[in-house]
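Colleague: Got a structure here, written out as structure tokens. Questions coming.
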There are 2 protein chains.
Amino acid sequence: MKMFKKVVIFGTGLIGGSLGLALKRKDLAKRVIGLSRHKKNAKLALEIGAIDQIGTSLRVVRDADLVILATPINSIMEIALKIVKNLKKDCIVIDVGSTKEKIVSRLSTLIPNFVGCHPLAGSEKKGILNGRGNIFTGSICIITPIAKTKKNTLNKIKLLWAELGTQVIMLTPARHDQILAFTSHLPHAVAFSLMGSIPDKFLGLSSSGLKDATRISGSDALLWSEIFLSNRKNLLVSISSFQQKLAALKLALKNKDMGRLTKILSVAKEKREQLG
Amino acid sequence: MKMFKKVVIFGTGLIGGSLGLALKRKDLAKRVIGLSRHKKNAKLALEIGAIDQIGTSLRVVRDADLVILATPINSIMEIALKIVKNLKKDCIVIDVGSTKEKIVSRLSTLIPNFVGCHPLAGSEKKGILNGRGNIFTGSICIITPIAKTKKNTLNKIKLLWAELGTQVIMLTPARHDQILAFTSHLPHAVAFSLMGSIPDKFLGLSSSGLKDATRISGSDALLWSEIFLSNRKNLLVSISSFQQKLAALKLALKNKDMGRLTKILSVAKEKREQLG
């Protein structure tokens, strides 16, 4: 079922490129145009069939039915500002950024058919080559409509993500950012700090535990600085909450309080088992 | 090459059981006896051929050439005290505990041929069923001899771990505990605290990043409380070091200092890339 005639994707990296590939494979779009600041990325997307054509001008959006903003957060705003005058009236625009409150509040005033989305399918690895399989199948996609989001537009985007194999969950942008501050941004802040605290000379004796716990600190530094800053207040809250938990563990250790320590660890273990 | 006639293993879980299995498969021991507080574990070890026989009395060590203490840390001391009078003069005793200073200082005064060992082959999963493959091949085993460790004994144990496919590294017990406080115990303390800080109602929207970062918080709570307490001072130091790194990240975030934030994340990312 071709849902869209012409789709334009800004950013042909892991998420944008994988979206192009999935749209083509599932025959959801007639034509997919991709643009990237990095020519190499766009070429690669073309080569592996994630896009049909590399866009060379922002005016390429003129007759698009769907525009997907899949660049780092700060560029999403910039690109939206530049393309808005060229969009046809019923063109739907979505973004796939990791935070939603700022993006949705700004872009929904700018673009009548804007819907904020966040597929939880990222990775510490960048680039479309890390997304060749369908990274969306079985994953969660959070959609963040607001009061003025048109019902038709929303339904079409819900259907799109369902067709891509994701479980669609709807949240307000504010609630999204509050939750993700704990379930995604905090783990990244912790992993970067943990990695930073290991003395270089000890790295040779790393356990598999350290490797797992810090895998996401291999994520792009600029991309994640932007994400952190765009969800600053919520992230500060989640970091404080984590700091309290660690301080409690440290205190139990200091006091040689075996009972308290075991209790803290047991509660965490039980919670971890719910994650699967 | 049969290095040992009779080997007795206390604790037939992931490490102890896997050791039995590897000793048998590589034909390094003529006879392996296993003991466990949990009858089920010992039976399982027998069924899958990790041991030849279940030991029913501590006196089973009487004619052993090698005794392996593979129980949780606190039990290592207890068992050593109980079996010492039954050991023959040239019996070698090793442990595989996660901290070494306390164990080595106590057991080396008690047992003439004691060598502290720590194979970095653990997992958050307990039980021999999680170690059916050879969990030692390609891993690191740290051996912690002290001044009075006999050269012959040490060489035999180095050879044993080499035969099991590990890369043998020698450290003093104190240095071992100092390093592992950073590369293993700190990541566990952080993972338990991170898991503890995620509100239950948010667990359904967990990213793969959170799952990776907290995998080791699925580890046994009692076992890890013992490990933490047995390396208390070093762990307190490593936790403080981590707290400083996190505080620096938090400050950069508070100050909206994009440059500083990106720098912190970049340094961590570069370090992570060294881990492979």
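Each chain in the structure tokens gets a letter, A, B and so on, in the order shown; residues start at 1 in every chain, and ligands are counted from 1 in the order they appear.
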Can you tell me, as a list in words, what residues are no more than 10 Å from Asp200 (chain A) when counting only C-alpha atoms, ignoring any on the same chain fewer than 4 positions away?

Modeller: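 Non-adjacent residues within range: Met195, Gly196 and Gly204 of chain A; Lys271 and Gln274 of chain B.
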
Colleague: Would you mind exporting the chosen residues as a PDB file, in the first residue's frame, restricted to C-alpha atoms?

Modeller:
ATOM      1  CA  MET A 195      33.750   5.642  31.365  1.00  0.00           C
ATOM      2  CA  GLY A 196      35.342   8.973  32.191  1.00  0.00           C
ATOM      3  CA  GLY A 204      43.311  -3.525  30.043  1.00  0.00           C
TER       4      GLY A 204
ATOM      5  CA  LYS B 271      38.182   5.902  26.114  1.00  0.00           C
ATOM      6  CA  GLN B 274      39.835   1.540  23.494  1.00  0.00           C
TER       7      GLN B 274
END

Colleague: Please give the complete set of residues from region 98-228 of chain B that DSSP, run on the backbone, assigns to helix (DSSP H, G or I), formatted as a short mmCIF file (atom, residue, chain, number, x, y, z; two decimals) with N, CA and C atoms, in the first residue's frame.

Modeller:
data_model
loop_
_atom_site.label_atom_id
_atom_site.label_comp_id
_atom_site.auth_asym_id
_atom_site.auth_seq_id
_atom_site.Cartn_x
_atom_site.Cartn_y
_atom_site.Cartn_z
N GLU B 101 42.70 -9.21 48.47
CA GLU B 101 43.59 -8.83 49.56
C GLU B 101 43.27 -9.59 50.85
N LYS B 102 42.03 -9.56 51.29
CA LYS B 102 41.66 -10.22 52.54
C LYS B 102 41.83 -11.73 52.43
N ILE B 103 41.33 -12.30 51.35
CA ILE B 103 41.40 -13.75 51.17
C ILE B 103 42.85 -14.24 51.15
N VAL B 104 43.68 -13.56 50.36
CA VAL B 104 45.07 -14.02 50.22
C VAL B 104 45.81 -13.87 51.54
N SER B 105 45.59 -12.75 52.25
CA SER B 105 46.35 -12.55 53.50
C SER B 105 45.95 -13.60 54.54
N ARG B 106 44.65 -13.93 54.61
CA ARG B 106 44.23 -14.93 55.60
C ARG B 106 44.60 -16.34 55.20
N LEU B 107 44.31 -16.70 53.94
CA LEU B 107 44.50 -18.09 53.52
C LEU B 107 45.97 -18.47 53.34
N SER B 108 46.81 -17.50 53.03
CA SER B 108 48.21 -17.86 52.84
C SER B 108 48.93 -18.11 54.16
N THR B 109 48.37 -17.61 55.26
CA THR B 109 48.96 -17.96 56.56
C THR B 109 48.46 -19.33 57.01
N LEU B 110 47.29 -19.69 56.51
CA LEU B 110 46.64 -20.94 56.91
C LEU B 110 47.14 -22.12 56.09
N ILE B 128 25.76 -23.28 36.52
CA ILE B 128 26.62 -23.92 35.53
C ILE B 128 25.98 -23.96 34.14
N LEU B 129 24.67 -23.92 34.07
CA LEU B 129 24.02 -23.96 32.77
C LEU B 129 24.35 -22.74 31.93
N ASN B 130 24.80 -21.67 32.59
CA ASN B 130 25.20 -20.48 31.84
C ASN B 130 26.67 -20.52 31.44
N GLY B 131 27.34 -21.63 31.74
CA GLY B 131 28.77 -21.72 31.43
C GLY B 131 29.13 -22.95 30.65
N LYS B 151 57.51 -21.03 44.28
CA LYS B 151 57.67 -20.89 42.83
C LYS B 151 57.03 -22.07 42.08
N ASN B 152 57.26 -23.28 42.57
CA ASN B 152 56.70 -24.47 41.91
C ASN B 152 55.18 -24.44 41.88
N THR B 153 54.62 -24.07 43.02
CA THR B 153 53.16 -23.99 43.14
C THR B 153 52.62 -22.95 42.18
N LEU B 154 53.24 -21.79 42.18
CA LEU B 154 52.79 -20.71 41.31
C LEU B 154 52.87 -21.12 39.85
N ASN B 155 53.99 -21.75 39.47
CA ASN B 155 54.14 -22.17 38.07
C ASN B 155 53.07 -23.17 37.66
N LYS B 156 52.74 -24.07 38.57
CA LYS B 156 51.72 -25.06 38.25
C LYS B 156 50.36 -24.40 38.01
N ILE B 157 50.05 -23.42 38.85
CA ILE B 157 48.75 -22.74 38.72
C ILE B 157 48.73 -21.84 37.48
N LYS B 158 49.86 -21.22 37.17
CA LYS B 158 49.94 -20.44 35.93
C LYS B 158 49.71 -21.35 34.73
N LEU B 159 50.34 -22.52 34.77
CA LEU B 159 50.18 -23.48 33.67
C LEU B 159 48.73 -23.93 33.56
N LEU B 160 48.12 -24.19 34.72
CA LEU B 160 46.70 -24.62 34.73
C LEU B 160 45.82 -23.60 34.01
N TRP B 161 45.95 -22.34 34.37
CA TRP B 161 45.09 -21.32 33.75
C TRP B 161 45.43 -21.12 32.27
N ALA B 162 46.70 -21.28 31.94
CA ALA B 162 47.08 -21.18 30.52
C ALA B 162 46.44 -22.33 29.74
N GLU B 163 46.47 -23.53 30.34
CA GLU B 163 45.86 -24.69 29.68
C GLU B 163 44.35 -24.49 29.49
N PRO B 173 47.89 -8.75 45.46
CA PRO B 173 46.49 -8.71 45.87
C PRO B 173 45.97 -7.27 46.02
N ALA B 174 46.80 -6.39 46.57
CA ALA B 174 46.36 -5.00 46.79
C ALA B 174 46.10 -4.28 45.47
N ARG B 175 47.01 -4.49 44.51
CA ARG B 175 46.85 -3.84 43.21
C ARG B 175 45.61 -4.40 42.50
N HIS B 176 45.43 -5.73 42.60
CA HIS B 176 44.24 -6.34 42.02
C HIS B 176 42.98 -5.65 42.52
N ASP B 177 42.87 -5.51 43.83
CA ASP B 177 41.65 -4.95 44.43
C ASP B 177 41.45 -3.49 44.06
N GLN B 178 42.57 -2.77 43.94
CA GLN B 178 42.51 -1.36 43.56
C GLN B 178 41.99 -1.21 42.13
N ILE B 179 42.50 -2.03 41.23
CA ILE B 179 42.08 -1.94 39.82
C ILE B 179 40.64 -2.42 39.64
N LEU B 180 40.35 -3.59 40.22
CA LEU B 180 39.00 -4.14 40.03
C LEU B 180 37.92 -3.28 40.66
N ALA B 181 38.29 -2.48 41.67
CA ALA B 181 37.32 -1.55 42.25
C ALA B 181 36.79 -0.62 41.17
N PHE B 182 37.64 -0.26 40.22
CA PHE B 182 37.22 0.59 39.10
C PHE B 182 36.60 -0.21 37.96
N THR B 183 37.26 -1.29 37.55
CA THR B 183 36.85 -1.94 36.30
C THR B 183 35.72 -2.96 36.49
N SER B 184 35.42 -3.31 37.73
CA SER B 184 34.33 -4.28 37.93
C SER B 184 33.35 -3.87 39.04
N HIS B 185 33.88 -3.51 40.22
CA HIS B 185 32.97 -3.26 41.34
C HIS B 185 32.22 -1.94 41.18
N LEU B 186 32.92 -0.89 40.71
CA LEU B 186 32.24 0.39 40.45
C LEU B 186 31.12 0.25 39.41
N PRO B 187 31.40 -0.37 38.25
CA PRO B 187 30.29 -0.54 37.28
C PRO B 187 29.08 -1.24 37.89
N HIS B 188 29.32 -2.20 38.78
CA HIS B 188 28.19 -2.87 39.43
C HIS B 188 27.45 -1.91 40.36
N ALA B 189 28.20 -1.17 41.18
CA ALA B 189 27.57 -0.21 42.10
C ALA B 189 26.75 0.82 41.32
N VAL B 190 27.29 1.27 40.18
CA VAL B 190 26.60 2.26 39.35
C VAL B 190 25.35 1.64 38.72
N ALA B 191 25.49 0.43 38.21
CA ALA B 191 24.35 -0.22 37.54
C ALA B 191 23.21 -0.48 38.53
N PHE B 192 23.54 -0.95 39.75
CA PHE B 192 22.50 -1.17 40.76
C PHE B 192 21.80 0.17 41.10
N SER B 193 22.60 1.24 41.22
CA SER B 193 22.02 2.54 41.57
C SER B 193 21.17 3.11 40.44
N LEU B 194 21.65 2.91 39.21
CA LEU B 194 20.91 3.40 38.04
C LEU B 194 19.56 2.70 37.96
N MET B 195 19.60 1.38 38.12
CA MET B 195 18.35 0.62 38.05
C MET B 195 17.42 1.07 39.16
N GLY B 196 17.98 1.27 40.36
CA GLY B 196 17.18 1.69 41.50
C GLY B 196 16.52 3.04 41.30
N SER B 197 17.11 3.87 40.46
CA SER B 197 16.59 5.24 40.30
C SER B 197 15.53 5.38 39.22
N ASP B 200 9.33 2.83 38.64
CA ASP B 200 8.70 1.61 38.12
C ASP B 200 7.79 1.88 36.92
N LYS B 201 7.02 2.97 37.02
CA LYS B 201 6.03 3.24 35.97
C LYS B 201 6.66 3.63 34.65
N PHE B 202 7.96 3.90 34.65
CA PHE B 202 8.64 4.27 33.39
C PHE B 202 9.32 3.08 32.72
N LEU B 203 9.33 1.93 33.41
CA LEU B 203 10.11 0.79 32.91
C LEU B 203 9.67 0.32 31.51
N GLY B 204 8.40 0.50 31.22
CA GLY B 204 7.87 0.07 29.92
C GLY B 204 8.45 0.82 28.74
N LEU B 205 9.03 1.97 29.00
CA LEU B 205 9.61 2.76 27.90
C LEU B 205 11.14 2.78 27.96
N SER B 208 17.17 0.35 24.68
CA SER B 208 18.17 -0.72 24.73
C SER B 208 19.39 -0.22 25.50
N GLY B 209 19.60 1.08 25.48
CA GLY B 209 20.71 1.66 26.24
C GLY B 209 20.58 1.39 27.73
N LEU B 210 19.38 1.60 28.27
CA LEU B 210 19.16 1.34 29.69
C LEU B 210 19.37 -0.15 29.99
N LYS B 211 18.89 -0.99 29.10
CA LYS B 211 19.05 -2.44 29.32
C LYS B 211 20.51 -2.84 29.39
N ASP B 212 21.31 -2.34 28.46
CA ASP B 212 22.74 -2.65 28.47
C ASP B 212 23.40 -2.11 29.73
N ALA B 213 23.09 -0.84 30.03
CA ALA B 213 23.77 -0.17 31.13
C ALA B 213 23.46 -0.81 32.48
N THR B 214 22.33 -1.50 32.56
CA THR B 214 21.93 -2.10 33.84
C THR B 214 21.97 -3.63 33.84
N ARG B 215 22.46 -4.23 32.76
CA ARG B 215 22.47 -5.70 32.69
C ARG B 215 23.06 -6.32 33.97
N ILE B 216 24.20 -5.79 34.42
CA ILE B 216 24.87 -6.40 35.57
C ILE B 216 24.15 -6.14 36.89
N SER B 217 23.12 -5.30 36.89
CA SER B 217 22.34 -5.15 38.12
C SER B 217 21.40 -6.34 38.30
N GLY B 218 21.41 -7.25 37.34
CA GLY B 218 20.69 -8.52 37.50
C GLY B 218 21.51 -9.54 38.28
N ALA B 221 22.37 -10.36 44.60
CA ALA B 221 22.49 -9.25 45.55
C ALA B 221 23.40 -9.60 46.74
N LEU B 222 23.28 -10.81 47.25
CA LEU B 222 24.08 -11.21 48.41
C LEU B 222 25.55 -11.34 48.04
N LEU B 223 25.78 -12.02 46.92
CA LEU B 223 27.13 -12.22 46.40
C LEU B 223 27.84 -10.88 46.23
N TRP B 224 27.12 -9.93 45.64
CA TRP B 224 27.75 -8.64 45.34
C TRP B 224 27.86 -7.75 46.57
N SER B 225 26.97 -7.91 47.54
CA SER B 225 27.14 -7.17 48.79
C SER B 225 28.43 -7.62 49.47
N GLU B 226 28.67 -8.92 49.43
CA GLU B 226 29.91 -9.45 50.02
C GLU B 226 31.14 -8.92 49.30
N ILE B 227 31.07 -8.92 47.97
CA ILE B 227 32.21 -8.41 47.18
C ILE B 227 32.45 -6.94 47.51
N PHE B 228 31.37 -6.14 47.52
CA PHE B 228 31.51 -4.70 47.83
C PHE B 228 32.17 -4.51 49.20
#

Colleague: From a DSSP pass on the backbone, collect the residues of region 83-205 of chain A flagged as strand (DSSP E or B) and hand them back as a PyMOL selection string.

Modeller: chain A and resi 92-95+114-119+140-144+167-170

Colleague: Give me a file of those residues, with N, CA and C atoms, as an mmCIF file, in the first residue's frame.

Modeller:
data_model
loop_
_atom_site.group_PDB
_atom_site.id
_atom_site.type_symbol
_atom_site.label_atom_id
_atom_site.label_comp_id
_atom_site.auth_asym_id
_atom_site.auth_seq_id
_atom_site.Cartn_x
_atom_site.Cartn_y
_atom_site.Cartn_z
ATOM 1 N N ILE A 92 2.666 16.442 5.255
ATOM 2 C CA ILE A 92 2.887 16.091 6.667
ATOM 3 C C ILE A 92 4.389 16.128 6.962
ATOM 4 N N VAL A 93 4.739 16.717 8.081
ATOM 5 C CA VAL A 93 6.147 16.744 8.497
ATOM 6 C C VAL A 93 6.263 16.031 9.845
ATOM 7 N N ILE A 94 7.205 15.104 9.940
ATOM 8 C CA ILE A 94 7.483 14.477 11.244
ATOM 9 C C ILE A 94 8.978 14.625 11.540
ATOM 10 N N ASP A 95 9.305 14.558 12.808
ATOM 11 C CA ASP A 95 10.724 14.478 13.171
ATOM 12 C C ASP A 95 10.903 13.192 13.968
ATOM 13 N N PHE A 114 2.335 19.052 11.455
ATOM 14 C CA PHE A 114 3.528 18.496 12.088
ATOM 15 C C PHE A 114 3.145 17.499 13.183
ATOM 16 N N VAL A 115 3.860 16.362 13.217
ATOM 17 C CA VAL A 115 3.684 15.377 14.294
ATOM 18 C C VAL A 115 5.067 14.962 14.812
ATOM 19 N N GLY A 116 5.277 15.118 16.090
ATOM 20 C CA GLY A 116 6.545 14.706 16.698
ATOM 21 C C GLY A 116 6.566 13.207 16.949
ATOM 22 N N CYS A 117 7.678 12.560 16.595
ATOM 23 C CA CYS A 117 7.798 11.110 16.767
ATOM 24 C C CYS A 117 9.156 10.790 17.385
ATOM 25 N N HIS A 118 9.221 9.682 18.082
ATOM 26 C CA HIS A 118 10.506 9.220 18.604
ATOM 27 C C HIS A 118 10.553 7.702 18.604
ATOM 28 N N PRO A 119 11.093 7.128 17.524
ATOM 29 C CA PRO A 119 11.257 5.671 17.517
ATOM 30 C C PRO A 119 12.413 5.274 18.441
ATOM 31 N N ILE A 140 9.520 0.235 19.944
ATOM 32 C CA ILE A 140 8.452 1.163 20.341
ATOM 33 C C ILE A 140 8.643 2.482 19.591
ATOM 34 N N CYS A 141 7.549 3.065 19.120
ATOM 35 C CA CYS A 141 7.635 4.439 18.607
ATOM 36 C C CYS A 141 6.675 5.315 19.418
ATOM 37 N N ILE A 142 7.234 6.336 20.032
ATOM 38 C CA ILE A 142 6.409 7.275 20.788
ATOM 39 C C ILE A 142 5.991 8.419 19.861
ATOM 40 N N ILE A 143 4.696 8.683 19.810
ATOM 41 C CA ILE A 143 4.171 9.806 19.036
ATOM 42 C C ILE A 143 3.629 10.821 20.032
ATOM 43 N N THR A 144 3.926 12.102 19.788
ATOM 44 C CA THR A 144 3.574 13.130 20.780
ATOM 45 C C THR A 144 2.662 14.200 20.187
ATOM 46 N N GLN A 167 5.461 -0.703 17.924
ATOM 47 C CA GLN A 167 4.323 -0.558 18.828
ATOM 48 C C GLN A 167 4.185 0.943 19.114
ATOM 49 N N VAL A 168 3.063 1.526 18.717
ATOM 50 C CA VAL A 168 2.904 2.974 18.847
ATOM 51 C C VAL A 168 2.356 3.339 20.225
ATOM 52 N N ILE A 169 3.031 4.265 20.888
ATOM 53 C CA ILE A 169 2.580 4.762 22.189
ATOM 54 C C ILE A 169 2.444 6.275 22.088
ATOM 55 N N MET A 170 1.334 6.821 22.595
ATOM 56 C CA MET A 170 1.144 8.265 22.509
ATOM 57 C C MET A 170 1.328 8.915 23.871
#

Colleague: How many Å lie between CA of Ile9 (chain B) and CA of Ile68 (chain B), rounded to one decimal?

Modeller: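 Computing it gives 4.7 Å between the two atoms.
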
Colleague: May I have the residues within 7 Å of Leu164 (chain B) as a list in words, using only C-alpha atoms and disregarding those fewer than 4 positions away in the same chain?

Modeller: Ala22, Phe136, Thr137 and Leu160 of chain B

Colleague: My list of candidates is A:Lys126, A:Arg272, A:His38, A:Arg31. Which is closest to Val8 (chain A) when distances are computed with only C-alpha atoms?

Modeller: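 The closest residue to Val8 (chain A) is A:Arg31.
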
Colleague: Pick out the residues sitting within 9 Å of Cys91 (chain B), and hand them over as a list in words; count only C-alpha atoms, and ignore anything fewer than 2 positions along from it in its own chain.

Modeller: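 In the requested format, the answer is Val61, Arg62, Asp63, Ala64, Asp65, Leu66, Val67, Leu87, Lys88, Lys89, Val93, Pro112, Asn113 and Phe114 of chain B.
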
Colleague: Based on the selection just made, write N, CA and C atoms of those residues as a tab-separated table (two decimals), in the first residue's frame.

Modeller:
chain	number	residue	atom	x	y	z
B	61	VAL	N	38.72	-33.93	50.97
B	61	VAL	CA	39.93	-33.25	50.50
B	61	VAL	C	41.22	-34.00	50.88
B	62	ARG	N	41.09	-35.02	51.75
B	62	ARG	CA	42.28	-35.66	52.32
B	62	ARG	C	43.38	-36.04	51.32
B	63	ASP	N	43.00	-36.66	50.21
B	63	ASP	CA	44.03	-37.06	49.23
B	63	ASP	C	43.99	-36.21	47.96
B	64	ALA	N	43.43	-35.01	48.05
B	64	ALA	CA	43.35	-34.14	46.87
B	64	ALA	C	44.70	-33.47	46.58
B	65	ASP	N	44.99	-33.29	45.28
B	65	ASP	CA	46.19	-32.54	44.87
B	65	ASP	C	45.86	-31.07	44.69
B	66	LEU	N	44.58	-30.83	44.36
B	66	LEU	CA	44.15	-29.45	44.11
B	66	LEU	C	42.77	-29.25	44.70
B	67	VAL	N	42.61	-28.21	45.49
B	67	VAL	CA	41.29	-27.82	45.99
B	67	VAL	C	40.96	-26.44	45.43
B	87	LEU	N	44.02	-31.40	54.74
B	87	LEU	CA	44.79	-31.31	53.49
B	87	LEU	C	46.12	-32.04	53.60
B	88	LYS	N	46.52	-32.73	52.53
B	88	LYS	CA	47.87	-33.30	52.58
B	88	LYS	C	48.86	-32.18	52.34
B	89	LYS	N	50.11	-32.44	52.71
B	89	LYS	CA	51.12	-31.40	52.80
B	89	LYS	C	51.31	-30.62	51.48
B	93	VAL	N	45.90	-25.19	47.03
B	93	VAL	CA	44.54	-24.64	47.18
B	93	VAL	C	44.49	-23.30	46.42
B	112	PRO	N	49.93	-23.60	53.26
B	112	PRO	CA	51.25	-23.33	52.67
B	112	PRO	C	51.22	-23.16	51.15
B	113	ASN	N	50.37	-23.96	50.47
B	113	ASN	CA	50.36	-23.90	49.00
B	113	ASN	C	49.11	-23.21	48.47
B	114	PHE	N	48.83	-22.03	49.01
B	114	PHE	CA	47.66	-21.30	48.55
B	114	PHE	C	48.04	-20.27	47.49

Colleague: Return the single residue from A:Thr71, A:Asn41, A:Ser57, A:Asn234 that is closest to Gly11 (chain A), with distances computed using only C-alpha atoms.

Modeller: A:Thr71

Colleague: Please, what distance in Å, to one decimal, runs between CA of Lys148 (chain B) and CA of Val237 (chain B)?

Modeller: 29.1 Å

Colleague: I need the residue nearest Lys100 (chain A) from this list: A:Ile54, A:Ile48, A:Ala247, A:Leu171. Use only C-alpha atoms for the distance.

Modeller: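 Smallest separation from Lys100 (chain A) among the options: A:Leu171.
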